[in-house]
Structure formats: structure tokens, C-alpha cells
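Peer 1: Got a structure here, written out as C-alpha cells. Questions coming.
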Amino acid sequence: MKILLTGVAGFIGMTTALRLLARGDEVVGLDNLNDYYEVSLKEARLARLTPHQRFRFVKLDIGDRAGMEQLFAAERFDRVIHLAAQAGVRYSLQNPHAYIDSNVVGFMNILEGCRHSKVQHLVYASSSSVYGGNTRMPFSEHDSVDHPVSMYAATKKANELMAHTYSHLFGLPTTGLRFFTVYGPWGRPDMALFLFTKAILEGRPIDVFNHGNMRRDFTFVDDIVEGVIRVMDRTAEPNPAYVSDTPDPGTSNAAYRVFNIGNHNPVQLLDYIGCIEDALGMKAQKNLLPLQDGDVPATYANVDALRDWVGFTPATDIATGIGRFVAWYRAYYKV
């Protein structure tokens, strides 16, 4: 298939592209290479993709309406995996406009492109952050998600609503994947694993929010990619059991689906740090801080729907996943 993959210079994007290329798909990778974090890391990821004959890179911002219209008209993609977004909860407190420009306006351009070029299936990245103030665990796609606690979460919820509208009005099959704290080799420098590893190796203290009483459903990147590709291969369908009197938030009478994709095994932040210490053979100096605005104390994914839909459940344990990240970090930064 010919696939548009946005956010291809991100670590999930790169890993997904490599898997698609390995199985024989043609991948057009899009990214704007912005400086939210070090561009050199994004360029190094791209360098792993560019030798492939079936890969082409397009430098373009998804917020560029004219550019996106031209891309879709020229390429005629079979399917679209949309991973590009302005990420980060804390950054959304400082620069909320960036989230509207990328996550709302950009997603609108993706939907319009898919609609007018008759894309067979749009798979897009949502986030566990949409669960916001929910406290019933584990988080289920069948629960209401109407109480976001960050602008990032609000834009991801908006994506799900926009996708449903296009599924309903135009018959565009859409599937949203709520990622739960993705980590692994080539990961983002603003994420905890990267920040902690760097600080420990440099002998600096690490900031541990909520005094370490955070629980996260850490999900290894290879598991995320396996889920993304399996879901892309099974086009969203209407739920025949859908009843509009008691609407199910995770399905519809349109070709619309939403799935959690997490490790369904929440880990205490202090235990996560312990695994990093073990992998590095060094102890961390901890600076214990209160919960940050926009953060939630715990995430925990119910992944029954994903398992039932594509026969896959993420299962990489954190010791294995962190060990792979640390090995990559030492090699890449020559530490």
C-alpha cells in the first residue's frame, strides 16, 4: 500500500515507518522538523529511513492548508497514519496556541485530504490524556472523556470528535489510538525516561513530581507500532450493536473506532526510576516535587477492545524496555 505517515521524524513515526518498509509498503513521510526539541535527533531518525527506495520524505507543516491539499491531490494515498502533533502536557500551559495550530487546524487538513482523495482508512494518534479528571481505573474507551485537564488533552479529544464527524458525514473510516506513555530507543528528550537518564549520567538531581506517587501505564514503542499497524490493516467499521439511546463513546453507527493502547500494567514512578538506576548501574538524586498543573496522578489502560479487534495486547516489561533505551542512549550519545 501507499501510506502517508505524518510525524515521521518522531520516534514512534520512525519506528512505524521502518516496520512498514520492511513488509513492503511505500511510505511518504511528512514532518516539519520543528525545534520543540533537538532537530539533530529528528534528522538522525530520518537518516535511518532515507536509504530505503520505497521511502520519500516531505518537509511540510500539517497546518499548511494549501501544501496539504497539493500533497493529497498529487499522491493519492491508500491509507494515512497521522502521528504528527504538538506534544507535551506542561508545554501546553506556556504555549497553548501551538496546540490549536497543529492539533486542531492540522488535523482538519488531514481529514479534508483524506475525504477528497478517498483514503481507505485514517489511523490517528490520540492520547491517554483525554481521560483527564477520570479516576475509575482502568480507563475504558466506553467511559465518558469530557473533563480534560490540559489543552493538549482537549485538542486530542477534539480530534476524536472531528474524526467521528467525518466518519458520519463522509463515510471516512477513522480509528483513534489512545497512547499510554510511550517510551523506548530514539525517544523524545522531553519525556521522563530521557530526562532521568541524562541527568543521572551527568550527576544531576532529577525532578520527581507528586513526590514519586505517580503511576503510569508505560508502553514500549515496539508494542505501540505493532498495534498501529494491526489497526491500520483492519478498517474501522460501524458497531452493529450501537444504540443511540445509550451511545457508546468508543464506537458508533459510523465507521469510527477508538482504542486504548497501553501496557495495562501501571508502574509506580519510583519503581520506574529504580529500573533506570539498575540499567545504568548508578543511583539517582531525587528532587521530590508536588503534582504539576495539567498532570494526572495515574493512568491505567483497559485494552480488552484492542485485543478483541486485532488480537494483540502490549506486554513488554519495563526492565526490558528501559534496558533497550539505555543501551541506545549510551551508543547514540557515546556515554
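Chain lettering (A, B, ...) mirrors the order of the C-alpha cells, residue numbering begins at 1 for each chain separately, and ligand numbering begins at 1 in order of display.
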Do you know which residues are at most 7 Å from stretch 230-236 of chain A counting only C-alpha atoms, after dropping those on the same chain fewer than 2 positions away, and could you put them as a list in words?

Peer 2: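 My list of contacting residues is His121, Val123, Pro173, Thr174, Thr175, Glu226, Gly227, Val228, Ala255, Tyr256, Arg257 and Val310 of chain A.
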
Peer 1: Quick check for you: according to DSSP on this backbone, which residues of stretch 92-308 of chain A are classed as alpha helix (DSSP H)? Reply as a PyMOL selection string.

Peer 2: chain A and resi 92-94+96-99+106-116+151-170+192-201+221-233+269-280+304-308

Peer 1: Return the single residue from A:Ile261, A:Val27, A:Leu193, A:Ile206 that is closest to A:Gly323, with distances computed using only C-alpha atoms.

Peer 2: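 So, comparing all the options, the nearest one is A:Leu193.
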
Peer 1: For stretch 80-82 of chain A, list every protein, DNA or RNA residue within 9 Å, evaluated using only C-alpha atoms, and leave out those in the same chain fewer than 6 positions away; present the list as a ChimeraX atom specification.

Peer 2: /A:2-7,13,107,110,114,119-125,228-229,232

Peer 1: What's around A:Ala279 at 9 Å? Count only C-alpha atoms, leave out sequence neighbours fewer than 6 positions away in its own chain, and write the answer as a PyMOL selection string.

Peer 2: chain A and resi 319+322-323+326-327

Peer 1: Mind running stretch 110-151 of chain A against stretch 245-248 of chain A at 12 Å and telling me each contacting residue's nearest atom pair with the distance in Å (one decimal), counting only C-alpha atoms, chain and number ascending, as a tab-separated table?

Peer 2:
residue	atom	partner	partner_atom	distance
A:Ser140	CA	A:Asp248	CA	10.9
A:Glu141	CA	A:Asp248	CA	8.4
A:His142	CA	A:Asp248	CA	5.7
A:Asp143	CA	A:Asp248	CA	8.0
A:Ser144	CA	A:Asp248	CA	8.8
A:Val145	CA	A:Asp248	CA	11.6

Peer 1: Restricting the output to N, CA and C atoms, write the selected residues as an mmCIF file, in the first residue's frame.

Peer 2:
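out_12.cif, freshly written:
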data_model
loop_
_atom_site.group_PDB
_atom_site.id
_atom_site.type_symbol
_atom_site.label_atom_id
_atom_site.label_comp_id
_atom_site.auth_asym_id
_atom_site.auth_seq_id
_atom_site.Cartn_x
_atom_site.Cartn_y
_atom_site.Cartn_z
ATOM 1 N N SER A 140 -11.365 3.025 30.340
ATOM 2 C CA SER A 140 -12.023 2.277 29.274
ATOM 3 C C SER A 140 -12.517 3.221 28.188
ATOM 4 N N GLU A 141 -12.448 2.762 26.929
ATOM 5 C CA GLU A 141 -12.960 3.543 25.810
ATOM 6 C C GLU A 141 -14.463 3.776 25.930
ATOM 7 N N HIS A 142 -15.119 2.984 26.749
ATOM 8 C CA HIS A 142 -16.570 3.097 26.891
ATOM 9 C C HIS A 142 -16.967 4.118 27.957
ATOM 10 N N ASP A 143 -15.963 4.746 28.610
ATOM 11 C CA ASP A 143 -16.223 5.793 29.596
ATOM 12 C C ASP A 143 -16.272 7.161 28.917
ATOM 13 N N SER A 144 -17.002 8.076 29.510
ATOM 14 C CA SER A 144 -17.018 9.459 29.043
ATOM 15 C C SER A 144 -15.645 10.099 29.262
ATOM 16 N N VAL A 145 -15.226 10.951 28.331
ATOM 17 C CA VAL A 145 -13.942 11.671 28.475
ATOM 18 C C VAL A 145 -14.186 13.164 28.254
#

Peer 1: Please compute the atom CA of A:Thr15-atom CA of A:Tyr152 distance, one decimal, in Å.

Peer 2: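 Taking atom CA of A:Thr15 and atom CA of A:Tyr152, their separation equals 23.2 Å.
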
Peer 1: Name all residues at most 12 Å from stretch 331-335 of chain A (count only C-alpha atoms; drop same-chain ones fewer than 5 positions away) and give them as a PyMOL selection string.

Peer 2: chain A and resi 40-41+44-45+185-187+194+197-198+200-202+280+324-326

Peer 1: Any chance you can output those residues with N, CA, C and O atoms as a compact mmCIF listing (two decimals), in the first residue's frame?

Peer 2:
# COMPACT_ATOMS: atom_id res chain seq x y z
N SER A 40 18.57 17.81 15.52
CA SER A 40 19.58 16.83 15.10
C SER A 40 19.11 15.40 15.36
O SER A 40 19.43 14.48 14.59
N LEU A 41 18.36 15.19 16.43
CA LEU A 41 17.84 13.85 16.73
C LEU A 41 16.80 13.45 15.68
O LEU A 41 16.77 12.30 15.21
N ALA A 44 18.63 12.53 12.59
CA ALA A 44 19.27 11.21 12.71
C ALA A 44 18.25 10.09 12.51
O ALA A 44 18.57 9.04 11.92
N ARG A 45 17.03 10.30 13.00
CA ARG A 45 15.98 9.30 12.75
C ARG A 45 15.69 9.20 11.25
O ARG A 45 15.57 8.10 10.70
N PRO A 185 13.90 3.25 22.64
CA PRO A 185 15.03 3.82 21.90
C PRO A 185 14.58 4.92 20.94
O PRO A 185 13.49 4.85 20.38
N TRP A 186 15.41 5.92 20.77
CA TRP A 186 15.16 7.08 19.91
C TRP A 186 14.04 7.96 20.46
O TRP A 186 13.46 8.77 19.74
N GLY A 187 13.75 7.82 21.77
CA GLY A 187 12.62 8.53 22.38
C GLY A 187 12.81 10.03 22.47
O GLY A 187 13.88 10.58 22.20
N PHE A 194 14.10 9.87 29.18
CA PHE A 194 15.23 10.56 28.58
C PHE A 194 15.83 11.55 29.58
O PHE A 194 17.04 11.59 29.81
N THR A 197 17.54 9.66 32.54
CA THR A 197 18.79 9.00 32.13
C THR A 197 19.90 10.03 31.96
O THR A 197 21.03 9.84 32.44
N LYS A 198 19.61 11.11 31.28
CA LYS A 198 20.61 12.15 31.03
C LYS A 198 21.11 12.75 32.34
O LYS A 198 22.32 12.90 32.56
N ILE A 200 20.98 11.54 35.47
CA ILE A 200 21.70 10.58 36.32
C ILE A 200 23.13 10.40 35.82
O ILE A 200 24.09 10.41 36.59
N LEU A 201 23.28 10.26 34.50
CA LEU A 201 24.61 10.09 33.93
C LEU A 201 25.49 11.32 34.12
O LEU A 201 26.71 11.21 34.24
N GLU A 202 24.85 12.49 34.20
CA GLU A 202 25.60 13.73 34.39
C GLU A 202 25.76 14.11 35.86
O GLU A 202 26.31 15.17 36.18
N LEU A 280 21.49 1.60 34.43
CA LEU A 280 22.67 2.48 34.36
C LEU A 280 23.78 2.05 35.32
O LEU A 280 24.94 2.40 35.12
N ARG A 324 16.69 -1.50 26.87
CA ARG A 324 16.91 -1.22 25.45
C ARG A 324 17.12 0.28 25.22
O ARG A 324 17.93 0.67 24.38
N PHE A 325 16.37 1.10 25.95
CA PHE A 325 16.56 2.54 25.80
C PHE A 325 17.95 2.96 26.26
O PHE A 325 18.64 3.73 25.58
N VAL A 326 18.36 2.49 27.42
CA VAL A 326 19.66 2.88 27.97
C VAL A 326 20.80 2.44 27.04
O VAL A 326 21.76 3.19 26.81

Peer 1: Rounded to one decimal in Å, what is the spacing between atom CA of A:Glu38 and atom CA of A:Pro189?

Peer 2: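 Separating atom CA of A:Glu38 from atom CA of A:Pro189 is a distance of 7.9 Å.
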
Peer 1: Residues at most 8 Å from stretch 299-301 of chain A, counting only C-alpha atoms, excluding those fewer than 3 positions away in the same chain, as a PDB file with C-alpha atoms, in the first residue's frame?

Peer 2:
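What ended up in result_32.pdb:
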ATOM      1  CA  SER A 128      -4.460   8.695  27.394  1.00  0.00           C
ATOM      2  CA  MET A 137      -9.426   2.513  36.759  1.00  0.00           C
ATOM      3  CA  PRO A 138      -8.596   1.010  34.374  1.00  0.00           C
ATOM      4  CA  PHE A 139      -9.540   3.647  31.814  1.00  0.00           C
ATOM      5  CA  SER A 140     -12.023   2.277  29.274  1.00  0.00           C
ATOM      6  CA  PHE A 180      -0.296   5.463  27.124  1.00  0.00           C
ATOM      7  CA  ARG A 215       1.533   5.629  38.346  1.00  0.00           C
ATOM      8  CA  ARG A 216       1.897   5.331  34.607  1.00  0.00           C
ATOM      9  CA  ASP A 217       0.990   2.639  32.104  1.00  0.00           C
ATOM     10  CA  ASN A 260      -6.585   2.290  24.201  1.00  0.00           C
ATOM     11  CA  ILE A 261      -3.084   1.033  23.517  1.00  0.00           C
ATOM     12  CA  GLY A 262      -1.178   0.608  26.756  1.00  0.00           C
ATOM     13  CA  ASN A 263       0.713  -1.985  28.741  1.00  0.00           C
ATOM     14  CA  HIS A 264      -2.295  -2.496  31.090  1.00  0.00           C
ATOM     15  CA  ASN A 265       0.162  -2.689  33.995  1.00  0.00           C
ATOM     16  CA  PRO A 266       0.639   0.672  35.761  1.00  0.00           C
ATOM     17  CA  VAL A 296      -2.801  13.334  36.372  1.00  0.00           C
TER      18      VAL A 296
END
